[in-house]
$ cat structure24.cif   # mmCIF, C-alpha atoms
data_query
loop_
_atom_site.label_atom_id
_atom_site.label_comp_id
_atom_site.auth_asym_id
_atom_site.auth_seq_id
_atom_site.Cartn_x
_atom_site.Cartn_y
_atom_site.Cartn_z
CA MET A 140 22.60 115.70 -85.94
CA THR A 141 21.72 115.60 -82.23
CA PRO A 142 17.91 115.84 -82.65
CA HIS A 143 17.93 112.81 -84.91
CA ALA A 144 19.60 110.46 -82.41
CA PRO A 145 16.64 109.93 -80.06
CA THR A 146 14.24 109.65 -83.01
CA HIS A 147 16.39 107.00 -84.70
CA ALA A 148 16.62 104.97 -81.50
CA THR A 149 12.89 105.11 -80.82
CA ILE A 150 12.15 103.77 -84.30
CA HIS A 151 14.26 100.68 -83.86
CA ILE A 152 14.09 99.70 -80.19
CA PRO A 153 10.28 99.29 -79.94
CA ASP A 154 10.32 97.33 -83.20
CA ALA A 155 12.97 95.04 -81.75
CA ALA A 156 10.90 94.51 -78.60
CA LEU A 157 7.77 93.67 -80.60
CA SER A 158 9.74 91.35 -82.86
CA GLN A 159 11.26 89.59 -79.84
CA ARG A 160 7.83 88.52 -78.58
CA ARG A 161 6.92 87.09 -81.96
CA ILE A 162 10.30 85.37 -82.32
CA LEU A 163 9.97 83.71 -78.92
CA ARG A 164 6.53 82.34 -79.87
CA VAL A 165 7.92 80.86 -83.09
CA LEU A 166 10.95 79.39 -81.31
CA VAL A 167 8.74 77.82 -78.63
CA ALA A 168 6.61 76.15 -81.32
CA SER A 169 9.67 74.79 -83.13
CA GLN A 170 11.23 73.59 -79.85
CA ILE A 171 8.13 71.65 -78.88
CA LEU A 172 8.26 69.85 -82.23
CA SER A 173 12.00 69.28 -82.17
CA GLY A 174 11.84 68.09 -78.55
CA ALA A 175 9.51 65.29 -79.65
CA GLY A 176 11.89 64.37 -82.46
CA LEU A 177 14.90 64.45 -80.18
CA ALA A 178 13.44 62.27 -77.44
CA ALA A 179 11.64 59.76 -79.65
CA GLY A 180 14.72 58.82 -81.66
CA VAL A 181 17.13 58.62 -78.75
CA THR A 182 14.71 56.33 -76.91
CA VAL A 183 15.23 53.42 -79.32
CA GLY A 184 18.55 54.11 -81.08
CA ALA A 185 20.56 51.62 -78.99
CA LEU A 186 17.78 49.02 -79.13
CA LEU A 187 17.60 49.26 -82.91
CA ALA A 188 21.35 48.76 -83.26
CA GLN A 189 21.26 45.82 -80.87
CA ASP A 190 18.37 44.23 -82.79
CA MET A 191 20.03 44.64 -86.19
CA LEU A 192 23.45 43.43 -85.04
CA GLY A 193 22.18 40.66 -82.77
CA SER A 194 24.69 41.78 -80.15
CA THR A 195 25.06 44.32 -77.36
CA SER A 196 28.74 44.97 -78.12
CA LEU A 197 28.00 48.01 -80.29
CA ALA A 198 24.76 49.09 -78.62
CA GLY A 199 26.52 52.17 -77.24
CA LEU A 200 27.67 53.28 -80.69
CA PRO A 201 24.40 55.07 -81.63
CA SER A 202 24.82 57.51 -78.74
CA ALA A 203 28.41 58.22 -79.79
CA LEU A 204 27.40 58.72 -83.44
CA ILE A 205 24.54 61.06 -82.50
CA THR A 206 26.97 63.07 -80.34
CA ALA A 207 29.53 63.23 -83.16
CA GLY A 208 26.88 64.36 -85.63
CA SER A 209 25.70 66.93 -83.13
CA ALA A 210 29.22 68.34 -82.69
CA LEU A 211 29.77 68.68 -86.45
CA THR A 212 26.37 70.30 -86.95
CA ALA A 213 26.97 72.80 -84.15
CA VAL A 214 29.84 74.23 -86.20
CA ALA A 215 27.80 74.24 -89.41
CA VAL A 216 24.71 75.84 -87.85
CA GLY A 217 26.90 78.47 -86.21
CA ARG A 218 28.64 79.34 -89.49
CA VAL A 219 25.44 79.47 -91.55
CA SER A 220 23.73 81.58 -88.88
CA GLN A 221 26.74 83.91 -88.81
CA ALA A 222 26.65 84.42 -92.58
CA ARG A 223 22.91 84.35 -93.31
CA GLY A 224 21.00 84.56 -90.05
CA ARG A 225 19.36 82.25 -87.53
CA ARG A 226 16.48 81.21 -89.78
CA PRO A 227 18.49 79.35 -92.45
CA GLY A 228 20.92 78.03 -89.85
CA LEU A 229 18.30 76.48 -87.56
CA ALA A 230 15.94 75.38 -90.34
CA GLY A 231 18.82 73.72 -92.20
CA GLY A 232 19.92 71.91 -89.05
CA TYR A 233 16.44 70.49 -88.39
CA LEU A 234 16.01 69.49 -92.03
CA THR A 235 19.31 67.61 -91.81
CA GLY A 236 18.01 65.82 -88.72
CA ALA A 237 14.89 64.83 -90.66
CA ILE A 238 17.04 63.42 -93.46
CA GLY A 239 18.98 61.42 -90.88
CA SER A 240 15.71 60.00 -89.53
CA ALA A 241 14.75 58.91 -93.04
CA GLY A 242 18.15 57.24 -93.37
CA VAL A 243 17.60 55.30 -90.13
CA ILE A 244 14.17 54.10 -91.32
CA THR A 245 15.62 53.03 -94.67
CA ALA A 246 18.43 51.18 -92.90
CA ALA A 247 15.90 49.32 -90.74
CA VAL A 248 13.85 48.28 -93.77
CA LEU A 249 16.96 47.11 -95.63
CA ASP A 250 18.55 45.65 -92.46
CA ASN A 251 21.75 47.54 -93.25
CA PRO A 252 23.86 48.37 -90.15
CA LEU A 253 26.27 50.65 -92.01
CA LEU A 254 23.41 52.77 -93.33
CA LEU A 255 21.96 52.80 -89.80
CA PHE A 256 25.15 54.23 -88.37
CA LEU A 257 25.35 56.85 -91.11
CA GLY A 258 21.70 57.77 -90.55
CA LEU A 259 22.23 58.13 -86.81
CA PHE A 260 25.24 60.38 -87.41
CA VAL A 261 23.17 62.69 -89.63
CA TYR A 262 20.21 62.46 -87.23
CA GLY A 263 22.46 64.01 -84.56
CA ALA A 264 22.02 67.34 -86.37
CA GLY A 265 18.67 67.70 -84.65
CA THR A 266 20.28 67.56 -81.21
CA ALA A 267 22.73 70.37 -81.99
CA THR A 268 20.06 72.54 -83.58
CA ASN A 269 17.69 72.09 -80.66
CA LEU A 270 20.38 73.34 -78.30
CA GLN A 271 21.50 76.22 -80.57
CA ALA A 272 17.97 77.61 -80.74
CA ARG A 273 18.40 79.02 -77.22
CA TYR A 274 20.85 81.57 -78.60
CA ALA A 275 18.26 82.86 -81.07
CA GLY A 276 15.97 83.64 -78.16
CA ALA A 277 18.59 85.96 -76.67
CA ASP A 278 19.63 87.88 -79.80
CA LEU A 279 17.04 90.65 -79.46
CA ALA A 280 16.43 90.40 -75.72
CA ALA A 281 17.35 93.39 -73.57
CA PRO A 282 20.47 92.66 -71.47
CA GLY A 283 18.37 92.43 -68.30
CA HIS A 284 16.04 89.84 -69.86
CA ARG A 285 18.45 87.63 -71.82
CA ALA A 286 18.51 84.75 -69.37
CA ARG A 287 14.71 84.68 -69.24
CA ALA A 288 14.56 84.58 -73.04
CA VAL A 289 17.02 81.66 -73.10
CA SER A 290 15.02 79.82 -70.45
CA THR A 291 11.76 80.27 -72.36
CA VAL A 292 13.23 78.48 -75.36
CA LEU A 293 14.78 75.77 -73.18
CA VAL A 294 11.62 74.90 -71.27
CA ALA A 295 9.66 74.48 -74.50
CA THR A 296 11.85 71.47 -75.33
CA THR A 297 10.43 69.72 -72.26
CA LEU A 298 6.92 69.61 -73.70
CA GLY A 299 8.00 67.69 -76.78
CA GLY A 300 10.57 65.75 -74.79
CA VAL A 301 7.88 64.34 -72.52
CA ALA A 302 5.54 63.47 -75.38
CA GLY A 303 8.17 61.84 -77.60
CA PRO A 304 9.04 58.73 -75.55
CA ASN A 305 5.37 58.14 -74.74
CA LEU A 306 4.64 57.95 -78.46
CA ALA A 307 7.29 55.27 -79.06
CA ALA A 308 4.81 52.37 -78.75
CA PRO A 309 2.05 53.80 -81.00
CA THR A 310 4.53 54.94 -83.64
CA GLY A 311 6.05 51.44 -83.59
CA THR A 312 2.63 49.91 -84.22
CA PHE A 313 1.98 52.42 -87.01
CA ALA A 314 5.34 51.57 -88.58
CA GLU A 315 4.45 47.88 -88.65
CA HIS A 316 1.29 48.69 -90.61
CA LEU A 317 3.54 50.36 -93.19
CA GLY A 318 5.87 47.35 -93.35
CA ILE A 319 8.60 49.08 -91.33
CA PRO A 320 10.26 47.40 -88.32
CA ASN A 321 8.65 48.35 -85.02
CA LEU A 322 11.77 49.93 -83.50
CA ALA A 323 12.11 52.29 -86.45
CA GLY A 324 8.67 53.75 -85.71
CA PRO A 325 9.87 56.55 -83.40
CA PHE A 326 12.09 57.78 -86.23
CA LEU A 327 8.93 58.38 -88.28
CA LEU A 328 7.95 60.80 -85.52
CA SER A 329 11.47 62.26 -85.38
CA GLY A 330 11.63 62.89 -89.11
CA SER A 331 8.17 64.46 -89.21
CA ALA A 332 8.82 66.58 -86.10
CA TYR A 333 12.16 67.88 -87.35
CA ALA A 334 10.73 68.64 -90.81
CA LEU A 335 7.82 70.54 -89.27
CA ALA A 336 10.19 72.48 -86.98
CA ALA A 337 12.22 73.48 -90.05
CA LEU A 338 9.02 74.56 -91.83
CA VAL A 339 7.83 76.64 -88.85
CA LEU A 340 11.16 78.47 -88.69
CA THR A 341 11.36 79.02 -92.44
CA LEU A 342 7.86 80.47 -92.67
CA TRP A 343 7.54 82.45 -89.46
CA LEU A 344 10.95 83.31 -87.95
CA ARG A 345 10.72 86.79 -89.46
CA PRO A 346 12.42 89.15 -88.97
CA ASP A 347 15.54 87.12 -88.40
CA PRO A 348 16.60 87.82 -84.77
CA LEU A 349 20.34 87.92 -85.38
CA LEU A 350 20.13 90.10 -88.50
CA LEU A 351 17.72 92.52 -86.82
CA ALA A 352 19.94 92.66 -83.73
CA ARG A 353 22.85 93.66 -85.98
CA SER A 354 20.75 96.38 -87.66
CA VAL A 355 19.68 97.80 -84.32
CA ALA A 356 23.28 97.76 -83.04
CA GLN A 357 24.54 99.48 -86.20
CA ALA A 358 21.88 102.17 -85.88
CA LYS A 359 22.87 102.84 -82.28
CA GLU A 360 26.56 102.98 -83.21
CA ALA A 361 25.84 105.41 -86.04
CA ASP A 362 24.08 107.78 -83.64
CA ALA A 363 26.47 107.41 -80.70
CA ALA A 364 29.01 110.19 -80.17
CA THR A 365 31.70 107.89 -78.75
CA ASP A 366 35.16 106.77 -79.69
CA LEU A 367 34.25 103.39 -81.20
CA ALA A 368 37.86 102.32 -81.52
CA GLY A 369 38.40 102.63 -77.77
CA VAL A 370 35.13 100.92 -76.94
CA GLY A 371 35.94 98.13 -79.36
CA ALA A 372 39.24 97.41 -77.63
CA THR A 373 37.54 97.17 -74.25
CA ASP A 374 34.72 95.00 -75.57
CA THR A 375 37.19 92.62 -77.21
CA SER A 376 39.12 92.15 -73.99
CA GLU A 377 35.99 91.58 -71.94
CA GLY A 378 34.60 89.37 -74.70
CA ARG A 379 37.52 86.96 -74.51
CA GLY A 380 37.05 86.55 -70.78
CA GLY A 381 33.31 86.10 -71.21
CA VAL A 382 33.75 83.43 -73.87
CA VAL A 383 36.18 81.47 -71.70
CA LEU A 384 34.06 81.74 -68.57
CA GLY A 385 30.74 81.04 -70.30
CA ALA A 386 32.22 78.05 -72.13
CA LEU A 387 33.87 76.72 -68.94
CA VAL A 388 30.60 76.89 -67.00
CA MET A 389 28.63 75.04 -69.69
CA VAL A 390 31.34 72.48 -70.50
CA LEU A 391 32.03 71.57 -66.87
CA THR A 392 28.36 71.26 -65.94
CA GLN A 393 27.73 69.08 -69.02
CA LEU A 394 30.70 66.83 -68.21
CA VAL A 395 29.65 66.27 -64.59
CA MET A 396 25.95 65.87 -65.40
CA VAL A 397 26.42 63.31 -68.18
CA ALA A 398 28.99 61.28 -66.23
CA ILE A 399 26.79 60.79 -63.16
CA MET A 400 23.54 60.46 -65.11
CA THR A 401 24.94 57.79 -67.44
CA MET A 402 25.97 55.41 -64.69
CA THR A 403 23.02 55.88 -62.34
CA PRO A 404 20.72 53.38 -64.17
CA VAL A 405 23.61 50.90 -64.31
CA HIS A 406 24.24 51.36 -60.58
CA MET A 407 20.56 50.79 -59.86
CA HIS A 408 20.37 47.72 -62.10
CA ASP A 409 23.39 46.21 -60.38
CA HIS A 410 21.57 46.54 -57.05
CA GLY A 411 18.39 44.83 -58.15
CA HIS A 412 16.24 47.74 -59.36
CA GLY A 413 14.15 47.23 -62.50
CA THR A 414 13.75 49.54 -65.49
CA THR A 415 10.66 51.12 -63.95
CA ALA A 416 12.62 52.45 -60.98
CA SER A 417 15.57 53.65 -63.04
CA GLY A 418 13.19 55.16 -65.60
CA LEU A 419 11.49 57.12 -62.83
CA VAL A 420 14.81 58.46 -61.56
CA ILE A 421 15.89 59.54 -65.05
CA ALA A 422 12.48 61.12 -65.69
CA VAL A 423 12.86 63.18 -62.50
CA HIS A 424 16.36 64.14 -63.63
CA ILE A 425 15.24 65.29 -67.10
CA GLY A 426 12.37 67.26 -65.59
CA ALA A 427 14.83 69.04 -63.29
CA MET A 428 17.06 69.81 -66.29
CA TYR A 429 14.41 71.82 -68.12
CA LEU A 430 11.31 72.61 -66.06
CA PRO A 431 13.01 75.11 -63.68
CA SER A 432 14.26 77.16 -66.67
CA PRO A 433 11.82 80.10 -66.26
CA LEU A 434 12.77 80.47 -62.60
CA THR A 435 16.48 80.07 -63.42
CA GLY A 436 16.24 82.76 -66.10
CA TRP A 437 14.65 85.16 -63.61
CA LEU A 438 17.32 84.38 -61.00
CA VAL A 439 20.16 84.93 -63.47
CA ASP A 440 18.73 88.26 -64.63
CA ARG A 441 17.85 89.35 -61.09
CA TYR A 442 20.95 88.30 -59.14
CA GLY A 443 23.61 88.13 -61.85
CA ARG A 444 25.27 85.55 -64.07
CA MET A 445 28.27 85.01 -61.78
CA LYS A 446 26.25 84.21 -58.67
CA ILE A 447 24.05 81.62 -60.38
CA ALA A 448 27.10 80.07 -62.09
CA ALA A 449 28.63 79.64 -58.63
CA VAL A 450 25.34 78.20 -57.33
CA SER A 451 25.51 75.71 -60.20
CA GLY A 452 28.83 74.36 -58.93
CA ILE A 453 27.54 74.10 -55.36
CA THR A 454 24.35 72.34 -56.49
CA LEU A 455 26.32 69.81 -58.55
CA LEU A 456 28.56 69.16 -55.55
CA ALA A 457 25.49 68.49 -53.40
CA ALA A 458 24.17 66.14 -56.09
CA GLY A 459 27.44 64.19 -56.20
CA VAL A 460 27.68 63.87 -52.42
CA LEU A 461 24.05 62.74 -52.11
CA ALA A 462 24.38 60.24 -54.96
CA ALA A 463 27.50 58.79 -53.33
CA ALA A 464 25.95 58.62 -49.87
CA ALA A 465 22.49 57.36 -50.88
CA PRO A 466 21.83 53.70 -50.01
CA ALA A 467 21.63 51.63 -53.19
CA ASP A 468 18.12 50.50 -52.27
CA SER A 469 16.76 54.05 -51.86
CA VAL A 470 15.08 55.13 -55.08
CA ALA A 471 13.85 58.32 -53.40
CA LEU A 472 17.34 59.55 -52.44
CA LEU A 473 18.80 58.65 -55.83
CA ALA A 474 15.93 60.53 -57.49
CA LEU A 475 16.65 63.56 -55.27
CA ALA A 476 20.34 63.38 -56.15
CA LEU A 477 19.54 63.25 -59.87
CA ALA A 478 17.07 66.11 -59.49
CA LEU A 479 19.84 68.23 -57.96
CA LEU A 480 22.13 67.11 -60.79
CA GLY A 481 19.62 68.29 -63.39
CA LEU A 482 19.02 71.56 -61.54
CA GLY A 483 22.76 72.28 -61.29
CA TRP A 484 23.08 71.66 -65.03
CA ASN A 485 20.18 74.02 -65.70
CA PHE A 486 21.75 76.78 -63.59
CA GLY A 487 25.04 76.35 -65.46
CA LEU A 488 23.55 76.27 -68.96
CA VAL A 489 21.35 79.35 -68.51
CA ALA A 490 24.03 81.37 -66.69
CA GLY A 491 26.77 80.29 -69.11
CA THR A 492 24.64 81.11 -72.16
CA ALA A 493 23.86 84.56 -70.75
CA ILE A 494 27.55 85.24 -70.01
CA LEU A 495 28.50 84.21 -73.54
CA THR A 496 25.75 86.26 -75.21
CA ASP A 497 26.56 89.33 -73.10
CA THR A 498 30.22 89.41 -74.10
CA VAL A 499 30.51 88.11 -77.67
CA PRO A 500 30.20 90.84 -80.34
CA LEU A 501 27.29 90.49 -82.77
CA ALA A 502 29.78 90.34 -85.65
CA THR A 503 31.09 86.94 -84.49
CA ARG A 504 28.34 85.81 -82.09
CA ALA A 505 26.78 82.88 -83.96
CA LYS A 506 30.10 81.40 -85.06
CA THR A 507 31.51 81.56 -81.52
CA GLN A 508 28.34 80.07 -80.04
CA GLY A 509 28.57 77.16 -82.49
CA LEU A 510 32.16 76.44 -81.48
CA VAL A 511 31.27 76.55 -77.79
CA ASP A 512 28.45 74.07 -78.37
CA VAL A 513 30.96 71.73 -80.02
CA SER A 514 32.93 71.83 -76.78
CA ILE A 515 29.75 71.07 -74.82
CA ALA A 516 29.01 68.05 -77.05
CA ILE A 517 32.57 66.76 -76.66
CA ALA A 518 32.36 67.25 -72.89
CA GLY A 519 29.17 65.19 -72.80
CA ALA A 520 30.72 62.40 -74.83
CA THR A 521 33.83 62.46 -72.64
CA GLY A 522 31.75 62.31 -69.47
CA GLY A 523 29.73 59.39 -70.78
CA MET A 524 32.77 57.37 -71.81
CA ALA A 525 34.89 58.18 -68.74
CA SER A 526 32.08 57.36 -66.32
CA GLY A 527 32.07 53.68 -67.24
CA VAL A 528 35.84 53.46 -66.90
CA ILE A 529 35.80 55.14 -63.47
CA VAL A 530 33.01 52.92 -62.13
CA ALA A 531 34.73 49.78 -63.46
CA ALA A 532 37.99 50.80 -61.78
CA THR A 533 36.46 52.08 -58.53
CA SER A 534 32.71 52.43 -57.80
CA TYR A 535 29.63 54.54 -58.48
CA PRO A 536 30.05 56.53 -55.22
CA ALA A 537 33.63 57.33 -56.25
CA LEU A 538 32.36 58.60 -59.62
CA ALA A 539 29.68 60.74 -57.97
CA LEU A 540 32.17 62.28 -55.51
CA THR A 541 34.69 62.92 -58.31
CA GLY A 542 32.04 64.70 -60.37
CA GLY A 543 30.91 66.75 -57.39
CA ALA A 544 34.47 67.77 -56.54
CA LEU A 545 35.19 68.65 -60.18
CA SER A 546 32.22 71.00 -60.27
CA LEU A 547 33.86 73.09 -57.53
CA ALA A 548 36.34 74.31 -60.16
CA LEU A 549 33.59 76.73 -61.18
CA LEU A 550 33.97 78.69 -57.94
CA PRO A 551 37.53 80.04 -58.41
CA ALA A 552 36.84 80.68 -62.11
CA VAL A 553 33.73 82.73 -61.30
CA GLY A 554 35.52 84.46 -58.42
CA ALA A 555 38.44 85.47 -60.65
CA ALA A 556 36.09 86.80 -63.32
CA ALA A 557 34.10 88.79 -60.76
CA TYR A 558 37.35 90.20 -59.29
CA ARG A 559 38.53 91.37 -62.74
CA ARG A 560 35.31 93.30 -63.16
#

$ encode --input "structure24.cif" --output "structure tokens"
Amino acid sequence: MTPHAPTHATIHIPDAALSQRRILRVLVASQILSGAGLAAGVTVGALLAQDMLGSTSLAGLPSALITAGSALTAVAVGRVSQARGRRPGLAGGYLTGAIGSAGVITAAVLDNPLLLFLGLFVYGAGTATNLQARYAGADLAAPGHRARAVSTVLVATTLGGVAGPNLAAPTGTFAEHLGIPNLAGPFLLSGSAYALAALVLTLWLRPDPLLLARSVAQAKEADAATDLAGVGATDTSEGRGGVVLGALVMVLTQLVMVAIMTMTPVHMHDHGHGTTASGLVIAVHIGAMYLPSPLTGWLVDRYGRMKIAAVSGITLLAAGVLAAAAPADSVALLALALALLGLGWNFGLVAGTAILTDTVPLATRAKTQGLVDVSIAIAGATGGMASGVIVAATSYPALALTGGALSLALLPAVGAAAYRR
């Protein structure tokens, strides 16, 4: 039996490495498309609701509905991926987002607010799927390269995310030529982009990364002369701690990031800045959320998940302090604060994803990842809603300082986890 073990391993491991390169290329292509769909629709969702209702009272509802749809889809995509693989899970999620886009367009043509809200809820599936794709990039990656694989998928979203909003005006004009309201135009792009992303994954995400990762793991287990029962007990214990820590890092960074980001344009508007200035600050923030991903992935793999998770908390604290201290008339300092906010979020997401992927067994990986992403979506919604309440009761600087202080909770959590190891 012994001579067969090395041979068996050498058959599978190189194949997995070759497949990983192909899988990353396919995921990058689908993320570029889905990034355009994600950004284009979100750009005008609130404006479309306001236009149809003739009031601003429910203009915030589209964001809440998209978040709710995203949370529900995160569970569904996780369960489908667990049972059948990443390809049907991700492709199904993007196809659902495309159907939601079609529902929004139909609602705009019929001037039906209820159908609009339903369409936006279903459209939220694209958001969840876009985020879940990062896990597929890590399934076959070697442990020392997982964070870089995650970051490669993440940064691809930026390319579509930058193009999407810039296509809002031309797609609006095109929609008018088809007899569709101007504001529904970006959803033509969203629906097409999501449908194409689903097609790319269906046709070319082969072999399925999660299913192949399971096959490779099973082959290694079959050839390993170890007590699997003992190893399983240890892995389960470590896995629980990894799930809690990874989820905590991602949930806390999402909560702090969304809370401060949401109220920054409002703070700027209240102090006389126009949409151009606030748009610039948010653009800098979004760039900092995604563009550093390749560097972050390298740092996480090189220096360890725990260290970069701790750096995430410190960076978010710096962002909160700077945002609170920045003069209201200083666009440059607010932009720097929001850049640090985006960078801290990026550190937390990449490190947290790597921690989670390292410790969750393949048998339950996709399902667990889906549930964690639900928590992230809920944290984002909570941060967005709570931020307005805090600013109304106190001030924007108080919100920024609260968020910065809250992010410090990552330090004892990471320290405790490192001590247990």

$ closest_atom_pairs --input "structure24.cif" --of "region 342-450 of chain A" --to "region 474-482 of chain A" --cutoff "7 Å" --atoms "only C-alpha atoms" --output "Markdown table"
| residue | atom | partner | partner_atom | distance |
| --- | --- | --- | --- | --- |
| A:Met396 | CA | A:Leu480 | CA | 6.1 |
| A:Val420 | CA | A:Ala474 | CA | 4.7 |
| A:Val423 | CA | A:Ala478 | CA | 5.9 |
| A:His424 | CA | A:Ala478 | CA | 4.6 |
| A:Ile425 | CA | A:Gly481 | CA | 6.5 |
| A:Ala427 | CA | A:Gly481 | CA | 4.8 |
| A:Met428 | CA | A:Gly481 | CA | 4.2 |

$ residues_near_point --input "structure24.cif" --point "(27.1, 84.5, -69.2)" --cutoff "12 Å" --atoms "all atoms listed in the file" --output "NGL selection string"
:A and (274 or 277 or 282-283 or 285-286 or 289 or 377-389 or 436 or 439-440 or 443-449 or 486-499 or 508 or 553 or 556-557)

$ resolve_selection --input "structure24.cif" --expression "the PyMOL selection byres ((chain A and resi 212) around 8)" --output "list in words"
Gly208, Ser209, Ala210, Leu211, Ala213, Val214, Ala215, Val216, Gly232, Gly263, Ala264, Ala267 and Thr268 of chain A

$ residues_around --input "structure24.cif" --residues "Leu344 (chain A)" --least-positions-apart "6" --cutoff "7 Å" --atoms "all atoms listed in the file" --output "MDAnalysis selection string"
chainID A and resid 162 165 226

$ resolve_selection --input "structure24.cif" --expression "the PyMOL selection byres ((chain A and resi 291) around 10)" --output "list in words"
Leu163, Arg164, Leu166, Val167, Arg273, Gly276, Ala277, Arg285, Ala286, Arg287, Ala288, Val289, Ser290, Val292, Leu293, Val294, Ala295, Thr296, Tyr429, Leu430, Ser432, Pro433, Leu434 and Gly436 of chain A

$ residues_around --input "structure24.cif" --residues "Tyr233 (chain A)" --least-positions-apart "4" --cutoff "10 Å" --atoms "all atoms listed in the file" --output "MDAnalysis selection string"
chainID A and resid 169 173 176 216 227:229 237:239 262:269 330 332:338 340

$ write_last_selection --input "structure24.cif" --atoms "C-alpha atoms" --output "PDB file, in the coordinates of the input"
ATOM      1  CA  SER A 169       9.670  74.790 -83.130  1.00  0.00           C
ATOM      2  CA  SER A 173      12.000  69.280 -82.170  1.00  0.00           C
ATOM      3  CA  GLY A 176      11.890  64.370 -82.460  1.00  0.00           C
ATOM      4  CA  VAL A 216      24.710  75.840 -87.850  1.00  0.00           C
ATOM      5  CA  PRO A 227      18.490  79.350 -92.450  1.00  0.00           C
ATOM      6  CA  GLY A 228      20.920  78.030 -89.850  1.00  0.00           C
ATOM      7  CA  LEU A 229      18.300  76.480 -87.560  1.00  0.00           C
ATOM      8  CA  ALA A 237      14.890  64.830 -90.660  1.00  0.00           C
ATOM      9  CA  ILE A 238      17.040  63.420 -93.460  1.00  0.00           C
ATOM     10  CA  GLY A 239      18.980  61.420 -90.880  1.00  0.00           C
ATOM     11  CA  TYR A 262      20.210  62.460 -87.230  1.00  0.00           C
ATOM     12  CA  GLY A 263      22.460  64.010 -84.560  1.00  0.00           C
ATOM     13  CA  ALA A 264      22.020  67.340 -86.370  1.00  0.00           C
ATOM     14  CA  GLY A 265      18.670  67.700 -84.650  1.00  0.00           C
ATOM     15  CA  THR A 266      20.280  67.560 -81.210  1.00  0.00           C
ATOM     16  CA  ALA A 267      22.730  70.370 -81.990  1.00  0.00           C
ATOM     17  CA  THR A 268      20.060  72.540 -83.580  1.00  0.00           C
ATOM     18  CA  ASN A 269      17.690  72.090 -80.660  1.00  0.00           C
ATOM     19  CA  GLY A 330      11.630  62.890 -89.110  1.00  0.00           C
ATOM     20  CA  ALA A 332       8.820  66.580 -86.100  1.00  0.00           C
ATOM     21  CA  TYR A 333      12.160  67.880 -87.350  1.00  0.00           C
ATOM     22  CA  ALA A 334      10.730  68.640 -90.810  1.00  0.00           C
ATOM     23  CA  LEU A 335       7.820  70.540 -89.270  1.00  0.00           C
ATOM     24  CA  ALA A 336      10.190  72.480 -86.980  1.00  0.00           C
ATOM     25  CA  ALA A 337      12.220  73.480 -90.050  1.00  0.00           C
ATOM     26  CA  LEU A 338       9.020  74.560 -91.830  1.00  0.00           C
ATOM     27  CA  LEU A 340      11.160  78.470 -88.690  1.00  0.00           C
TER      28      LEU A 340
END

$ decode --input "structure24.cif" --residues "region 264-275 of chain A" --atoms "N, CA and C atoms" --output "PDB file, in the first residue's frame"
ATOM      1  N   ALA A 264     -30.307  39.220  -4.787  1.00  0.00           N
ATOM      2  CA  ALA A 264     -29.586  37.947  -4.923  1.00  0.00           C
ATOM      3  C   ALA A 264     -28.224  38.146  -5.557  1.00  0.00           C
ATOM      4  N   GLY A 265     -28.129  39.112  -6.467  1.00  0.00           N
ATOM      5  CA  GLY A 265     -26.855  39.358  -7.131  1.00  0.00           C
ATOM      6  C   GLY A 265     -25.785  39.823  -6.168  1.00  0.00           C
ATOM      7  N   THR A 266     -26.173  40.631  -5.191  1.00  0.00           N
ATOM      8  CA  THR A 266     -25.221  41.134  -4.191  1.00  0.00           C
ATOM      9  C   THR A 266     -24.618  39.994  -3.388  1.00  0.00           C
ATOM     10  N   ALA A 267     -25.479  39.092  -2.911  1.00  0.00           N
ATOM     11  CA  ALA A 267     -25.008  37.961  -2.105  1.00  0.00           C
ATOM     12  C   ALA A 267     -24.105  37.046  -2.919  1.00  0.00           C
ATOM     13  N   THR A 268     -24.484  36.791  -4.157  1.00  0.00           N
ATOM     14  CA  THR A 268     -23.716  35.883  -5.000  1.00  0.00           C
ATOM     15  C   THR A 268     -22.355  36.459  -5.329  1.00  0.00           C
ATOM     16  N   ASN A 269     -22.318  37.754  -5.600  1.00  0.00           N
ATOM     17  CA  ASN A 269     -21.054  38.420  -5.880  1.00  0.00           C
ATOM     18  C   ASN A 269     -20.077  38.262  -4.720  1.00  0.00           C
ATOM     19  N   LEU A 270     -20.583  38.375  -3.501  1.00  0.00           N
ATOM     20  CA  LEU A 270     -19.737  38.248  -2.323  1.00  0.00           C
ATOM     21  C   LEU A 270     -19.335  36.794  -2.080  1.00  0.00           C
ATOM     22  N   GLN A 271     -20.269  35.849  -2.317  1.00  0.00           N
ATOM     23  CA  GLN A 271     -19.983  34.430  -2.069  1.00  0.00           C
ATOM     24  C   GLN A 271     -18.943  33.863  -3.030  1.00  0.00           C
ATOM     25  N   ALA A 272     -18.797  34.489  -4.196  1.00  0.00           N
ATOM     26  CA  ALA A 272     -17.845  33.972  -5.181  1.00  0.00           C
ATOM     27  C   ALA A 272     -16.422  33.940  -4.645  1.00  0.00           C
ATOM     28  N   ARG A 273     -16.111  34.787  -3.664  1.00  0.00           N
ATOM     29  CA  ARG A 273     -14.742  34.812  -3.128  1.00  0.00           C
ATOM     30  C   ARG A 273     -14.382  33.469  -2.504  1.00  0.00           C
ATOM     31  N   TYR A 274     -15.372  32.792  -1.923  1.00  0.00           N
ATOM     32  CA  TYR A 274     -15.106  31.492  -1.317  1.00  0.00           C
ATOM     33  C   TYR A 274     -14.704  30.455  -2.364  1.00  0.00           C
ATOM     34  N   ALA A 275     -15.315  30.542  -3.545  1.00  0.00           N
ATOM     35  CA  ALA A 275     -14.991  29.588  -4.610  1.00  0.00           C
ATOM     36  C   ALA A 275     -13.539  29.719  -5.032  1.00  0.00           C
TER      37      ALA A 275
END
